[in-house]
$ cat protein.cif   # mmCIF, C-alpha atoms
data_run
#
loop_
_atom_site.label_atom_id
_atom_site.label_comp_id
_atom_site.auth_asym_id
_atom_site.auth_seq_id
_atom_site.Cartn_x
_atom_site.Cartn_y
_atom_site.Cartn_z
CA MET H 1 20.48 -87.83 12.90
CA ARG H 2 18.13 -85.69 10.83
CA SER H 3 18.58 -81.95 10.51
CA THR H 4 16.03 -79.66 12.08
CA ARG H 5 16.94 -76.86 9.66
CA THR H 6 14.45 -75.71 7.10
CA VAL H 7 15.19 -74.91 3.49
CA GLU H 8 14.32 -71.29 4.17
CA ALA H 9 16.68 -71.11 7.15
CA ALA H 10 19.52 -72.72 5.20
CA LEU H 11 19.05 -70.38 2.26
CA ARG H 12 18.71 -67.32 4.52
CA ALA H 13 21.99 -68.24 6.21
CA PHE H 14 23.64 -68.65 2.81
CA ALA H 15 22.28 -65.28 1.63
CA HIS H 16 23.50 -63.58 4.80
CA GLU H 17 26.96 -65.18 4.59
CA HIS H 18 27.35 -64.15 0.96
CA ARG H 19 25.66 -60.75 1.34
CA ALA H 20 23.03 -61.65 -1.21
CA GLU H 21 19.31 -60.98 -1.38
CA PHE H 22 17.32 -63.88 0.03
CA ASP H 23 14.75 -63.81 -2.80
CA ALA H 24 17.52 -64.10 -5.40
CA VAL H 25 19.14 -67.00 -3.52
CA LEU H 26 15.78 -68.77 -3.18
CA GLU H 27 14.96 -68.30 -6.86
CA ARG H 28 18.36 -69.59 -7.95
CA HIS H 29 18.11 -72.59 -5.62
CA GLU H 30 14.66 -73.51 -6.92
CA GLU H 31 15.70 -73.00 -10.54
CA GLN H 32 19.01 -74.85 -10.24
CA THR H 33 17.98 -77.85 -8.13
CA GLY H 34 14.47 -78.48 -9.41
CA ILE H 35 13.42 -79.54 -5.90
CA ALA H 36 10.59 -77.00 -5.78
CA ALA H 37 9.02 -78.54 -8.90
CA LEU H 38 8.98 -82.09 -7.53
CA PRO H 39 5.70 -83.72 -6.49
CA PRO H 40 5.04 -83.00 -2.78
CA ARG H 41 6.26 -86.31 -1.34
CA TYR H 42 9.50 -86.28 -3.33
CA ARG H 43 10.05 -82.59 -2.62
CA ARG H 44 9.73 -83.21 1.13
CA LEU H 45 12.07 -86.21 1.06
CA ALA H 46 14.67 -84.52 -1.19
CA GLU H 47 14.65 -81.48 1.12
CA GLU H 48 15.06 -83.72 4.19
CA VAL H 49 18.10 -85.34 2.61
CA TRP H 50 19.60 -82.10 1.28
CA LEU H 51 19.27 -80.36 4.65
CA ALA H 52 21.03 -83.21 6.44
CA LEU H 53 24.07 -83.20 4.15
CA PRO H 54 27.31 -81.59 5.28
CA ASP H 55 28.21 -78.14 4.01
CA GLY H 56 30.33 -78.30 0.90
CA TRP H 57 29.31 -81.81 -0.15
CA ASP H 58 28.58 -80.45 -3.63
CA SER H 59 31.24 -77.73 -3.89
CA HIS H 60 32.55 -79.24 -7.14
CA ALA H 61 29.16 -79.53 -8.81
CA VAL H 62 25.74 -78.16 -9.57
CA TRP H 63 22.88 -80.63 -9.59
CA SER H 64 19.17 -80.96 -10.21
CA VAL H 65 16.52 -83.53 -9.38
CA ARG H 66 13.49 -84.47 -11.43
CA VAL H 67 10.87 -87.20 -11.38
CA GLU H 68 9.90 -89.29 -14.39
CA ASP H 69 6.95 -91.62 -14.59
CA ILE H 70 8.59 -94.05 -16.99
CA ALA H 71 11.18 -96.61 -16.05
CA SER H 72 13.33 -96.05 -19.12
CA ALA H 73 14.30 -92.60 -17.82
CA VAL H 74 16.68 -94.13 -15.28
CA ASP H 75 19.58 -96.49 -15.74
CA HIS H 76 18.87 -98.40 -12.55
CA PHE H 77 15.68 -99.70 -10.99
CA TYR H 78 14.69 -96.73 -8.79
CA ALA H 79 16.76 -93.79 -9.97
CA GLY H 80 19.81 -92.70 -11.85
CA SER H 81 22.48 -90.01 -11.67
CA SER H 82 24.08 -88.61 -14.76
CA LEU H 83 27.16 -86.47 -15.08
CA LEU H 84 25.98 -84.14 -17.84
CA HIS H 85 29.00 -81.85 -18.11
CA GLY H 86 32.49 -81.83 -16.73
CA PRO H 87 35.42 -84.21 -16.51
CA HIS H 88 34.54 -87.60 -18.00
CA ALA H 89 31.13 -86.48 -19.25
CA ASP H 90 30.25 -87.58 -22.76
CA ASP H 91 29.64 -84.00 -23.93
CA GLY H 92 33.02 -83.12 -25.40
CA SER H 93 34.09 -81.15 -22.33
CA ASP H 94 37.77 -81.09 -21.56
CA PRO H 95 38.66 -82.54 -18.12
CA ARG H 96 41.05 -79.62 -17.67
CA ASP H 97 38.30 -77.06 -18.36
CA GLY H 98 37.45 -76.11 -14.79
CA PHE H 99 36.27 -78.43 -12.10
CA VAL H 100 32.54 -77.77 -12.01
CA GLN H 101 30.45 -80.77 -12.89
CA ILE H 102 26.77 -80.63 -13.84
CA TRP H 103 24.70 -83.55 -12.56
CA GLU H 104 21.10 -84.65 -12.95
CA VAL H 105 19.30 -87.07 -10.64
CA VAL H 106 16.20 -88.73 -12.10
CA LEU H 107 13.76 -90.50 -9.79
CA CYS H 108 11.36 -93.11 -11.20
CA SER H 109 8.04 -92.50 -9.46
CA PRO H 110 6.25 -95.79 -10.39
CA ARG H 111 9.06 -97.74 -8.75
CA LEU H 112 9.48 -95.41 -5.77
CA ASP H 113 5.81 -94.79 -4.95
CA PRO H 114 5.31 -98.13 -3.12
CA LEU H 115 8.45 -97.68 -0.99
CA SER H 116 8.56 -96.26 2.52
CA ASP H 117 9.78 -92.71 3.05
CA ALA H 118 12.98 -94.07 4.59
CA ALA H 119 13.68 -96.22 1.53
CA VAL H 120 13.06 -93.28 -0.83
CA ARG H 121 15.43 -91.16 1.26
CA GLY H 122 17.92 -94.01 0.84
CA VAL H 123 17.56 -93.79 -2.94
CA ILE H 124 17.93 -90.00 -2.95
CA VAL H 125 20.96 -89.94 -0.66
CA HIS H 126 22.58 -92.73 -2.69
CA GLU H 127 22.16 -90.65 -5.84
CA PHE H 128 23.56 -87.57 -4.09
CA GLY H 129 26.46 -89.84 -3.09
CA HIS H 130 27.21 -90.27 -6.79
CA VAL H 131 27.31 -86.48 -7.17
CA ALA H 132 29.56 -86.12 -4.13
CA SER H 133 31.94 -88.82 -5.38
CA ALA H 134 32.47 -86.95 -8.67
CA LEU H 135 33.05 -90.33 -10.31
CA PRO H 136 32.02 -90.62 -13.97
CA THR H 137 28.70 -92.22 -14.89
CA LYS H 138 29.23 -93.06 -18.55
CA PRO H 139 29.82 -96.79 -19.16
CA GLN H 140 33.13 -96.22 -20.96
CA TRP H 141 34.54 -94.42 -17.88
CA ARG H 142 32.61 -96.09 -15.09
CA ASN H 143 33.46 -98.96 -12.79
CA ASP H 144 30.00 -100.05 -11.57
CA GLU H 145 31.13 -101.78 -8.40
CA LEU H 146 33.35 -98.88 -7.35
CA CYS H 147 30.69 -96.26 -8.15
CA GLU H 148 27.84 -98.03 -6.36
CA ASN H 149 29.92 -98.93 -3.29
CA ARG H 150 31.27 -95.39 -3.09
CA ALA H 151 27.77 -93.85 -3.25
CA ASP H 152 26.51 -96.21 -0.51
CA ASN H 153 29.54 -95.53 1.70
CA ILE H 154 29.19 -91.78 1.31
CA ALA H 155 25.51 -92.05 2.27
CA LYS H 156 26.51 -94.08 5.36
CA TRP H 157 29.16 -91.51 6.34
CA TRP H 158 26.46 -88.84 6.09
CA GLY H 159 24.37 -90.74 8.64
CA PHE H 160 21.79 -92.41 6.38
CA LEU H 161 22.51 -96.04 7.30
CA SER H 162 18.94 -96.70 8.46
CA ASP H 163 17.55 -95.33 5.19
CA LEU H 164 19.87 -97.56 3.16
CA GLU H 165 18.81 -100.51 5.34
CA ALA H 166 15.15 -99.65 4.66
CA LEU H 167 15.99 -99.74 0.97
CA GLY H 168 17.71 -103.11 1.45
CA VAL H 169 21.07 -102.15 -0.07
CA VAL H 170 23.06 -102.62 3.13
CA LYS H 171 22.63 -104.93 6.08
#
$ encode --input "protein.cif" --output "structure tokens"
Amino acid sequence: MRSTRTVEAALRAFAHEHRAEFDAVLERHEEQTGIAALPPRYRRLAEEVWLALPDGWDSHAVWSVRVEDIASAVDHFYAGSSLLHGPHADDGSDPRDGFVQIWEVVLCSPRLDPLSDAAVRGVIVHEFGHVASALPTKPQWRNDELCENRADNIAKWWGFLSDLEALGVVK
């Protein structure tokens, strides 16, 4: 089931709960996630997915999303998630140095443009599933089958089965 919340409502609730100024929360959200800078279709779909996710799904991480128009920007056909900093990242960080991970999701617009909105949501939620799993993305640390299955299962648990079916990754 899709959320009927809006980004503004979600951020206003967060600001109220944390006794913060709404404008500051909005600015930080837009700066941190990159969603506001996405092309309109991808912004709408990323917001739909983000608003439907359970509270705390990303409590261990900060993340951003961007769109590239070249296929080499992603490690898989439609998109890719990269653990940029934190345990098991290839940046020299110590796994014992805090628990915050920094993730980047890159969407490949030439490959996503022909897909239905549901299929693109399936791609986005799958990539957010990688963030939620906190599993490493570097080849020397990564088990592809485990990582991909985990991301799909997390997306299903979040209620995105129909979007994954539209993408054709689950039946």
$ closest_residue --input "protein.cif" --among "H:Glu31, H:Asp58, H:Glu17, H:Glu8" --to "Trp103 (chain H)" --atoms "only C-alpha atoms"
H:Asp58
$ resolve_selection --input "protein.cif" --expression "the PyMOL selection byres ((chain H and resi 167-170) around 8)" --output "PyMOL selection string"
chain H and resi 118-120+122-123+161+163-166+171
$ closest_residue --input "protein.cif" --among "H:Ala13, H:Ala24, H:Arg121, H:Pro110" --to "Arg43 (chain H)" --atoms "all atoms listed in the file"
H:Arg121
$ resolve_selection --input "protein.cif" --expression "the PyMOL selection byres ((chain H and resi 49) around 12)" --output "ChimeraX atom specification"
/H:1-7,35,42-48,50-54,117-129,155,158-160,163
$ closest_residue --input "protein.cif" --among "H:Leu38, H:Arg19, H:Glu68, H:Ala134" --to "Leu84 (chain H)" --atoms "only C-alpha atoms"
H:Ala134
$ atom_distance --input "protein.cif" --atom1 "CA of Arg12 (chain H)" --atom2 "CA of Arg66 (chain H)"
24.0 Å
$ closest_residue --input "protein.cif" --among "H:Leu83, H:Leu11, H:Ile70, H:Val105" --to "Leu135 (chain H)" --atoms "all atoms listed in the file"
H:Leu83
$ atom_distance --input "protein.cif" --atom1 "CA of Val62 (chain H)" --atom2 "CA of Gln101 (chain H)"
6.3 Å
$ atom_distance --input "protein.cif" --atom1 "CA of Ala79 (chain H)" --atom2 "CA of Lys156 (chain H)"
18.2 Å
$ closest_residue --input "protein.cif" --among "H:Asp55, H:His16, H:Val67, H:Val106" --to "Pro40 (chain H)" --atoms "only C-alpha atoms"
H:Val67
$ resolve_selection --input "protein.cif" --expression "the PyMOL selection byres ((chain H and resi 32) around 12)" --output "mmCIF file with C-alpha atoms, keeping the file's coordinate frame"
data_model
loop_
_atom_site.group_PDB
_atom_site.id
_atom_site.type_symbol
_atom_site.label_atom_id
_atom_site.label_comp_id
_atom_site.auth_asym_id
_atom_site.auth_seq_id
_atom_site.Cartn_x
_atom_site.Cartn_y
_atom_site.Cartn_z
ATOM 1 C CA ALA H 24 17.520 -64.100 -5.400
ATOM 2 C CA VAL H 25 19.140 -67.000 -3.520
ATOM 3 C CA LEU H 26 15.780 -68.770 -3.180
ATOM 4 C CA GLU H 27 14.960 -68.300 -6.860
ATOM 5 C CA ARG H 28 18.360 -69.590 -7.950
ATOM 6 C CA HIS H 29 18.110 -72.590 -5.620
ATOM 7 C CA GLU H 30 14.660 -73.510 -6.920
ATOM 8 C CA GLU H 31 15.700 -73.000 -10.540
ATOM 9 C CA THR H 33 17.980 -77.850 -8.130
ATOM 10 C CA GLY H 34 14.470 -78.480 -9.410
ATOM 11 C CA ILE H 35 13.420 -79.540 -5.900
ATOM 12 C CA ALA H 36 10.590 -77.000 -5.780
ATOM 13 C CA ALA H 37 9.020 -78.540 -8.900
ATOM 14 C CA ALA H 61 29.160 -79.530 -8.810
ATOM 15 C CA VAL H 62 25.740 -78.160 -9.570
ATOM 16 C CA TRP H 63 22.880 -80.630 -9.590
ATOM 17 C CA SER H 64 19.170 -80.960 -10.210
ATOM 18 C CA VAL H 65 16.520 -83.530 -9.380
ATOM 19 C CA ARG H 66 13.490 -84.470 -11.430
ATOM 20 C CA ILE H 102 26.770 -80.630 -13.840
ATOM 21 C CA TRP H 103 24.700 -83.550 -12.560
ATOM 22 C CA GLU H 104 21.100 -84.650 -12.950
#
$ closest_residue --input "protein.cif" --among "H:Arg41, H:Pro136, H:Gly80, H:Glu145" --to "Pro114 (chain H)" --atoms "all atoms listed in the file"
H:Arg41
